[in-house]
Amino acid sequence: FPADLSRAKIRLPPADEADFENMPYDTLVKMVLKGEMSDELEQLLFNVCSLGNADGWTSVVKEARYGGHRIDERSPGQSYPGCVLGAWLYDRANNGELLEKAMARLQLYKLSSYVYYPMAADLRKEYQTPGEEDMRRLTSELGAHFEGMGHGKGTRVHTYDFEDEIWFMVRYPGRLQYVQAYDADEEGVQPLVPAKFDAVVYDKRHGFLRMSLGRVTDHRKYRAAFGHLLFRKANVFVEDMECVTLEPLKGACLDIFNCEDMRWIREVDLLEVCFTEVSAGGRAVTWKWNSADGVALNRLPLSLAVGGPRECYAKHVVLPTTDHIRRAVFRYALRNRGGRYEKLIVHAGNHLRYARESDSAKIGEWMIGRRILNVGDGRWS
């Protein structure tokens with residue numbers, strides 16, 4: 001970055017003579033802290049700092065293999081930030097977006113909270129894999145959207161196409177922030193525009209969209225833009241505030257906990273359920289499992305005596321007089337994970353939060369099959 005060095009009046013020694021004694025480290029640090037650098041250099045340093053750890057370097061290596069980028073995976077004698085910067089420098093002409101894509105991939109595996117949007121009708125057979133020109137048009141459209149919202153320029157979309165899903169990681173500049181900056185001589189603030197990533201995922205098998213982002217206006221924009229990208233039509237995906245429902249837990253429902261038909265899930269148990277009861281005038285009732293005896297609610301016989309003999313409700317987990325189930329807490333175990341359990345909290349609505357992203361498709365398969373996540377085949381039948 002000779003222009004940045006020239007602007008800051010910094011002269012570096014020749015590469016073959018550079019060492020710890022003659023490198024102007026203090027001057028370079030002052031330039032960085034004061035923000036006296038180009039957007040390209042600032043973004044590079046941001047990416048190197050963000051990826052400069054074990055997880056970040058693993059993400060860089062994975063992205064290089066996935067995208068066909070040439071790097072030195074061994075990087076002997078280097079720290080993690082050194083490895084990351086070295087990967088970018090190794091083939092600079094072709095590795096310009098490697099670090100940004102690696103950051104997007106790292107963010108992909110950290111996501112755990114999604115809002116779901118089912119299809120208005122079954123259009124799965126009309127799905128079209130987006131090409132390069134399609135992605136350029138989408139990026140331009142989203143860039144204009146974010147610029148109009150006051151986020152500035154720099155929007156990019158990274159695609160990860162898997163067998164059952166296609167992921168879109170939308171990178172856009174966040175709003176301007178000011179961070180505290182210090183050096184040996186003075187204290188002040190420095191403007192910073194941090195990069196943000198949104199995730200939009202289309203499930204090819206079941207035909208629904210899920211998104212991980214927080215802004216309502218962007219949900220609407222993405223729902224329209226990605227529907228048109230993948231199907232060349234408007235109004236493909238709809239907002240349904242009841243596509244996540246716990247109504248399947250009403251009545252004789254114990255069969256839904258049988259996981260013999262599940263490829264990945266070994267068992268699912270109900271630990272807690274919150275519901276309203278007709279006879280209680282809409283009052284919310286919460287039942288929790290007794291962790292001391294280790295027996296989940298779906299493994300206990302439900303029997304009640306109210307002003308008369310005790311009655312047994314075979315295969316029930318809530319009262320027959322239940323009106324609406326608001327919330328449930330499940331635990332589940334995967335077939336390939338020994339005896340380790342994960343927890344899943346489900347609220348009626350259109351939003352789900354998972355313990356880990358890698359489990360979302362696996363436990364999601366169980367929820368779709370049991371109509372708790374009402375976004376697949378059963379919705380159109």
# chains A, B, ... in the order shown; residues from 1 in each chain; ligands from 1
>>> closest_atom_pairs(of="range 189-279 of chain A", to="range 164-171 of chain A", cutoff="6 Å", atoms="only C-alpha atoms", output="tab-separated table")
residue	atom	partner	partner_atom	distance
A:Lys196	CA	A:Arg171	CA	5.6
A:Phe197	CA	A:Arg171	CA	4.6
A:Asp198	CA	A:Val170	CA	5.0
A:Ala199	CA	A:Met169	CA	4.8
A:Val200	CA	A:Phe168	CA	5.1
A:Val201	CA	A:Trp167	CA	4.6
A:Tyr202	CA	A:Ile166	CA	5.4
A:Asp203	CA	A:Glu165	CA	4.6
A:Lys204	CA	A:Asp164	CA	5.3
A:Arg205	CA	A:Asp164	CA	5.8
>>> residues_around(residues="range 93-104 of chain A", least_positions_apart="4", cutoff="10 Å", atoms="only C-alpha atoms", output="ChimeraX atom specification")
/A:43-44,46-48,50-51,56-64,67-71,84-85,87-89,108-109,156-160,168-171,195-199
>>> write_last_selection(atoms="C-alpha atoms", output="tab-separated table (two decimals), in the first residue's frame")
chain	number	residue	atom	x	y	z
A	43	GLN	CA	-10.64	-3.65	5.65
A	44	LEU	CA	-7.59	-5.92	5.32
A	46	PHE	CA	-9.94	-5.65	10.20
A	47	ASN	CA	-10.16	-9.06	8.54
A	48	VAL	CA	-6.70	-10.12	9.75
A	50	SER	CA	-10.91	-10.89	13.22
A	51	LEU	CA	-9.49	-14.09	11.74
A	56	GLY	CA	-10.31	-17.96	12.01
A	57	TRP	CA	-7.31	-19.69	10.45
A	58	THR	CA	-9.32	-22.93	10.10
A	59	SER	CA	-12.00	-20.92	8.28
A	60	VAL	CA	-9.40	-19.41	5.93
A	61	VAL	CA	-8.02	-22.87	5.07
A	62	LYS	CA	-11.53	-24.26	4.47
A	63	GLU	CA	-12.49	-21.34	2.26
A	64	ALA	CA	-9.23	-21.63	0.28
A	67	GLY	CA	-12.82	-21.73	-3.59
A	68	GLY	CA	-9.64	-23.08	-5.17
A	69	HIS	CA	-7.34	-20.39	-3.68
A	70	ARG	CA	-3.61	-21.06	-3.36
A	71	ILE	CA	-2.18	-20.59	0.14
A	84	VAL	CA	-3.95	-15.05	7.75
A	85	LEU	CA	-2.01	-12.15	6.26
A	87	ALA	CA	-2.57	-16.37	2.94
A	88	TRP	CA	-3.76	-13.08	1.47
A	89	LEU	CA	-0.25	-12.22	0.25
A	108	LEU	CA	-22.15	-19.02	9.06
A	109	TYR	CA	-21.15	-21.63	11.65
A	156	ARG	CA	-21.32	-8.06	-1.38
A	157	VAL	CA	-23.07	-11.44	-1.41
A	158	HIS	CA	-21.18	-14.72	-0.91
A	159	THR	CA	-22.85	-17.97	-1.98
A	160	TYR	CA	-22.41	-21.45	-0.48
A	168	PHE	CA	-26.23	-16.46	0.99
A	169	MET	CA	-24.03	-14.43	3.33
A	170	VAL	CA	-24.79	-10.76	2.69
A	171	ARG	CA	-21.92	-8.49	3.67
A	195	ALA	CA	-18.67	-4.99	8.23
A	196	LYS	CA	-21.89	-6.87	9.01
A	197	PHE	CA	-23.10	-10.23	7.73
A	198	ASP	CA	-26.67	-11.43	7.27
A	199	ALA	CA	-27.57	-15.02	6.46
>>> residues_around(residues="Trp287 in chain A", least_positions_apart="3", cutoff="8 Å", atoms="only C-alpha atoms", output="list of chain:residue names")
A:Glu272, A:Val273, A:Cys274
>>> write_last_selection(atoms="C-alpha atoms", output="PDB file, in the first residue's frame")
ATOM      1  CA  GLU A 272     -41.020 -28.016  29.986  1.00  0.00           C
ATOM      2  CA  VAL A 273     -44.291 -26.838  28.515  1.00  0.00           C
ATOM      3  CA  CYS A 274     -46.283 -23.623  29.024  1.00  0.00           C
TER       4      CYS A 274
END
>>> closest_atom_pairs(of="range 201-260 of chain A", to="range 309-324 of chain A", cutoff="10 Å", atoms="only C-alpha atoms", output="JSON lines")
{"residue": "A:Thr245", "atom": "CA", "partner": "A:His324", "partner_atom": "CA", "distance": 9.6}
{"residue": "A:Leu246", "atom": "CA", "partner": "A:His324", "partner_atom": "CA", "distance": 8.2}
{"residue": "A:Glu247", "atom": "CA", "partner": "A:His324", "partner_atom": "CA", "distance": 7.1}
{"residue": "A:Leu249", "atom": "CA", "partner": "A:Val317", "partner_atom": "CA", "distance": 6.9}
{"residue": "A:Lys250", "atom": "CA", "partner": "A:Val318", "partner_atom": "CA", "distance": 6.4}
{"residue": "A:Gly251", "atom": "CA", "partner": "A:His316", "partner_atom": "CA", "distance": 5.6}
{"residue": "A:Ala252", "atom": "CA", "partner": "A:Lys315", "partner_atom": "CA", "distance": 4.6}
{"residue": "A:Cys253", "atom": "CA", "partner": "A:Lys315", "partner_atom": "CA", "distance": 5.8}
{"residue": "A:Leu254", "atom": "CA", "partner": "A:Lys315", "partner_atom": "CA", "distance": 4.9}
{"residue": "A:Asp255", "atom": "CA", "partner": "A:Lys315", "partner_atom": "CA", "distance": 7.7}
>>> write_last_selection(atoms="all heavy atoms", output="mmCIF file, in the first residue's frame")
data_model
loop_
_atom_site.group_PDB
_atom_site.id
_atom_site.type_symbol
_atom_site.label_atom_id
_atom_site.label_comp_id
_atom_site.auth_asym_id
_atom_site.auth_seq_id
_atom_site.Cartn_x
_atom_site.Cartn_y
_atom_site.Cartn_z
ATOM 1 N N THR A 245 -45.443 -23.885 15.424
ATOM 2 C CA THR A 245 -46.600 -24.119 16.285
ATOM 3 C C THR A 245 -46.356 -25.316 17.194
ATOM 4 O O THR A 245 -45.683 -26.284 16.796
ATOM 5 C CB THR A 245 -47.867 -24.365 15.448
ATOM 6 O OG1 THR A 245 -48.948 -24.707 16.319
ATOM 7 C CG2 THR A 245 -47.675 -25.487 14.434
ATOM 8 N N LEU A 246 -46.895 -25.260 18.388
ATOM 9 C CA LEU A 246 -46.775 -26.358 19.350
ATOM 10 C C LEU A 246 -48.096 -27.113 19.507
ATOM 11 O O LEU A 246 -48.230 -27.936 20.417
ATOM 12 C CB LEU A 246 -46.301 -25.805 20.699
ATOM 13 C CG LEU A 246 -44.874 -25.261 20.680
ATOM 14 C CD1 LEU A 246 -44.609 -24.385 21.895
ATOM 15 C CD2 LEU A 246 -43.865 -26.392 20.626
ATOM 16 N N GLU A 247 -49.039 -26.837 18.627
ATOM 17 C CA GLU A 247 -50.320 -27.523 18.694
ATOM 18 C C GLU A 247 -50.202 -29.047 18.555
ATOM 19 O O GLU A 247 -51.035 -29.776 19.091
ATOM 20 C CB GLU A 247 -51.267 -26.974 17.625
ATOM 21 C CG GLU A 247 -51.596 -25.491 17.795
ATOM 22 C CD GLU A 247 -52.170 -25.181 19.174
ATOM 23 O OE1 GLU A 247 -53.315 -25.596 19.443
ATOM 24 O OE2 GLU A 247 -51.457 -24.551 19.978
ATOM 25 N N LEU A 249 -48.541 -30.926 20.205
ATOM 26 C CA LEU A 249 -48.380 -31.495 21.541
ATOM 27 C C LEU A 249 -49.720 -31.694 22.249
ATOM 28 O O LEU A 249 -49.760 -32.250 23.350
ATOM 29 C CB LEU A 249 -47.488 -30.586 22.401
ATOM 30 C CG LEU A 249 -46.019 -30.452 21.966
ATOM 31 C CD1 LEU A 249 -45.280 -29.513 22.905
ATOM 32 C CD2 LEU A 249 -45.337 -31.809 21.924
ATOM 33 N N LYS A 250 -50.792 -31.234 21.643
ATOM 34 C CA LYS A 250 -52.118 -31.426 22.235
ATOM 35 C C LYS A 250 -52.678 -32.793 21.852
ATOM 36 O O LYS A 250 -52.416 -33.306 20.772
ATOM 37 C CB LYS A 250 -53.061 -30.313 21.766
ATOM 38 C CG LYS A 250 -52.702 -28.939 22.296
ATOM 39 C CD LYS A 250 -53.372 -27.824 21.534
ATOM 40 C CE LYS A 250 -54.868 -27.834 21.671
ATOM 41 N NZ LYS A 250 -55.489 -26.633 21.058
ATOM 42 N N GLY A 251 -53.467 -33.375 22.764
ATOM 43 C CA GLY A 251 -54.088 -34.670 22.480
ATOM 44 C C GLY A 251 -53.115 -35.823 22.655
ATOM 45 O O GLY A 251 -52.079 -35.702 23.329
ATOM 46 N N ALA A 252 -53.430 -36.965 22.060
ATOM 47 C CA ALA A 252 -52.591 -38.162 22.158
ATOM 48 C C ALA A 252 -51.400 -38.006 21.213
ATOM 49 O O ALA A 252 -51.469 -38.359 20.034
ATOM 50 C CB ALA A 252 -53.414 -39.398 21.811
ATOM 51 N N CYS A 253 -50.299 -37.487 21.750
ATOM 52 C CA CYS A 253 -49.193 -37.050 20.891
ATOM 53 C C CYS A 253 -47.881 -37.788 21.138
ATOM 54 O O CYS A 253 -46.864 -37.429 20.532
ATOM 55 C CB CYS A 253 -48.960 -35.556 21.100
ATOM 56 S SG CYS A 253 -48.315 -35.149 22.734
ATOM 57 N N LEU A 254 -47.844 -38.775 22.007
ATOM 58 C CA LEU A 254 -46.562 -39.373 22.380
ATOM 59 C C LEU A 254 -45.822 -39.981 21.191
ATOM 60 O O LEU A 254 -44.599 -40.120 21.223
ATOM 61 C CB LEU A 254 -46.758 -40.437 23.453
ATOM 62 C CG LEU A 254 -47.095 -39.920 24.871
ATOM 63 C CD1 LEU A 254 -47.022 -41.055 25.865
ATOM 64 C CD2 LEU A 254 -46.160 -38.794 25.282
ATOM 65 N N ASP A 255 -46.536 -40.342 20.148
ATOM 66 C CA ASP A 255 -45.884 -40.955 18.993
ATOM 67 C C ASP A 255 -44.897 -40.004 18.315
ATOM 68 O O ASP A 255 -43.976 -40.456 17.629
ATOM 69 C CB ASP A 255 -46.933 -41.408 17.969
ATOM 70 C CG ASP A 255 -47.707 -42.628 18.445
ATOM 71 O OD1 ASP A 255 -47.222 -43.301 19.375
ATOM 72 O OD2 ASP A 255 -48.800 -42.893 17.901
#
>>> closest_atom_pairs(of="range 52-159 of chain A", to="range 213-236 of chain A", cutoff="7 Å", atoms="only C-alpha atoms", output="Markdown table")
| residue | atom | partner | partner_atom | distance |
| --- | --- | --- | --- | --- |
| A:Met119 | CA | A:Val236 | CA | 5.7 |
| A:Ala120 | CA | A:Val236 | CA | 6.0 |
| A:Glu126 | CA | A:Phe231 | CA | 6.1 |
| A:Tyr127 | CA | A:Phe231 | CA | 5.3 |
| A:Gln128 | CA | A:Leu230 | CA | 5.3 |
| A:Thr129 | CA | A:Leu230 | CA | 6.5 |
| A:Pro130 | CA | A:Leu230 | CA | 6.4 |
| A:Asp134 | CA | A:Leu229 | CA | 6.9 |
>>> closest_residue(among="A:Leu300, A:Val238, A:Val268, A:Met135", to="Asn350 in chain A", atoms="only C-alpha atoms")
A:Val238
>>> select_by_dssp(residues="range 3-160 of chain A", states="alpha helix (DSSP H)", output="ChimeraX atom specification")
/A:3-7,25-33,39-51,54-67,80-90,98-110,132-148
>>> closest_residue(among="A:Thr155, A:Ser38, A:Asn22, A:Ser140", to="Arg7 in chain A", atoms="only C-alpha atoms")
A:Ser38
>>> atom_distance(atom1="CA of Val346 in chain A", atom2="CA of Arg331 in chain A")
11.0 Å
>>> atom_distance(atom1="CA of Ile325 in chain A", atom2="CA of Leu270 in chain A")
13.0 Å
>>> closest_residue(among="A:Ser113, A:Arg379, A:Ala121, A:Ile372", to="His351 in chain A", atoms="only C-alpha atoms")
A:Ser113
>>> residues_around(residues="Glu21 in chain A", least_positions_apart="5", cutoff="12 Å", atoms="only C-alpha atoms", output="count of residues only")
3
>>> residues_around(residues="Lys343 in chain A", least_positions_apart="5", cutoff="7 Å", atoms="only C-alpha atoms", output="ChimeraX atom specification")
/A:330-332,355
>>> write_last_selection(atoms="N, CA and C atoms", output="PDB file, in the first residue's frame")
ATOM      1  N   PHE A 330     -37.362 -28.639  24.745  1.00  0.00           N
ATOM      2  CA  PHE A 330     -37.023 -30.018  24.414  1.00  0.00           C
ATOM      3  C   PHE A 330     -35.536 -30.254  24.673  1.00  0.00           C
ATOM      4  N   ARG A 331     -35.191 -31.508  24.843  1.00  0.00           N
ATOM      5  CA  ARG A 331     -33.802 -31.900  24.767  1.00  0.00           C
ATOM      6  C   ARG A 331     -33.708 -32.995  23.709  1.00  0.00           C
ATOM      7  N   TYR A 332     -32.603 -33.023  23.009  1.00  0.00           N
ATOM      8  CA  TYR A 332     -32.450 -34.018  21.954  1.00  0.00           C
ATOM      9  C   TYR A 332     -31.013 -34.524  21.944  1.00  0.00           C
ATOM     10  N   ALA A 355     -29.192 -24.505  19.668  1.00  0.00           N
ATOM     11  CA  ALA A 355     -27.982 -24.520  20.487  1.00  0.00           C
ATOM     12  C   ALA A 355     -26.752 -24.342  19.615  1.00  0.00           C
TER      13      ALA A 355
END
>>> closest_residue(among="A:Asp39, A:Leu138, A:Val115, A:Tyr172", to="Lys153 in chain A", atoms="only C-alpha atoms")
A:Tyr172
>>> atom_distance(atom1="CA of Met367 in chain A", atom2="CA of Met262 in chain A")
10.7 Å
>>> closest_residue(among="A:Leu271, A:Pro118, A:Asp91, A:Asp161", to="Asp72 in chain A", atoms="only C-alpha atoms")
A:Asp91
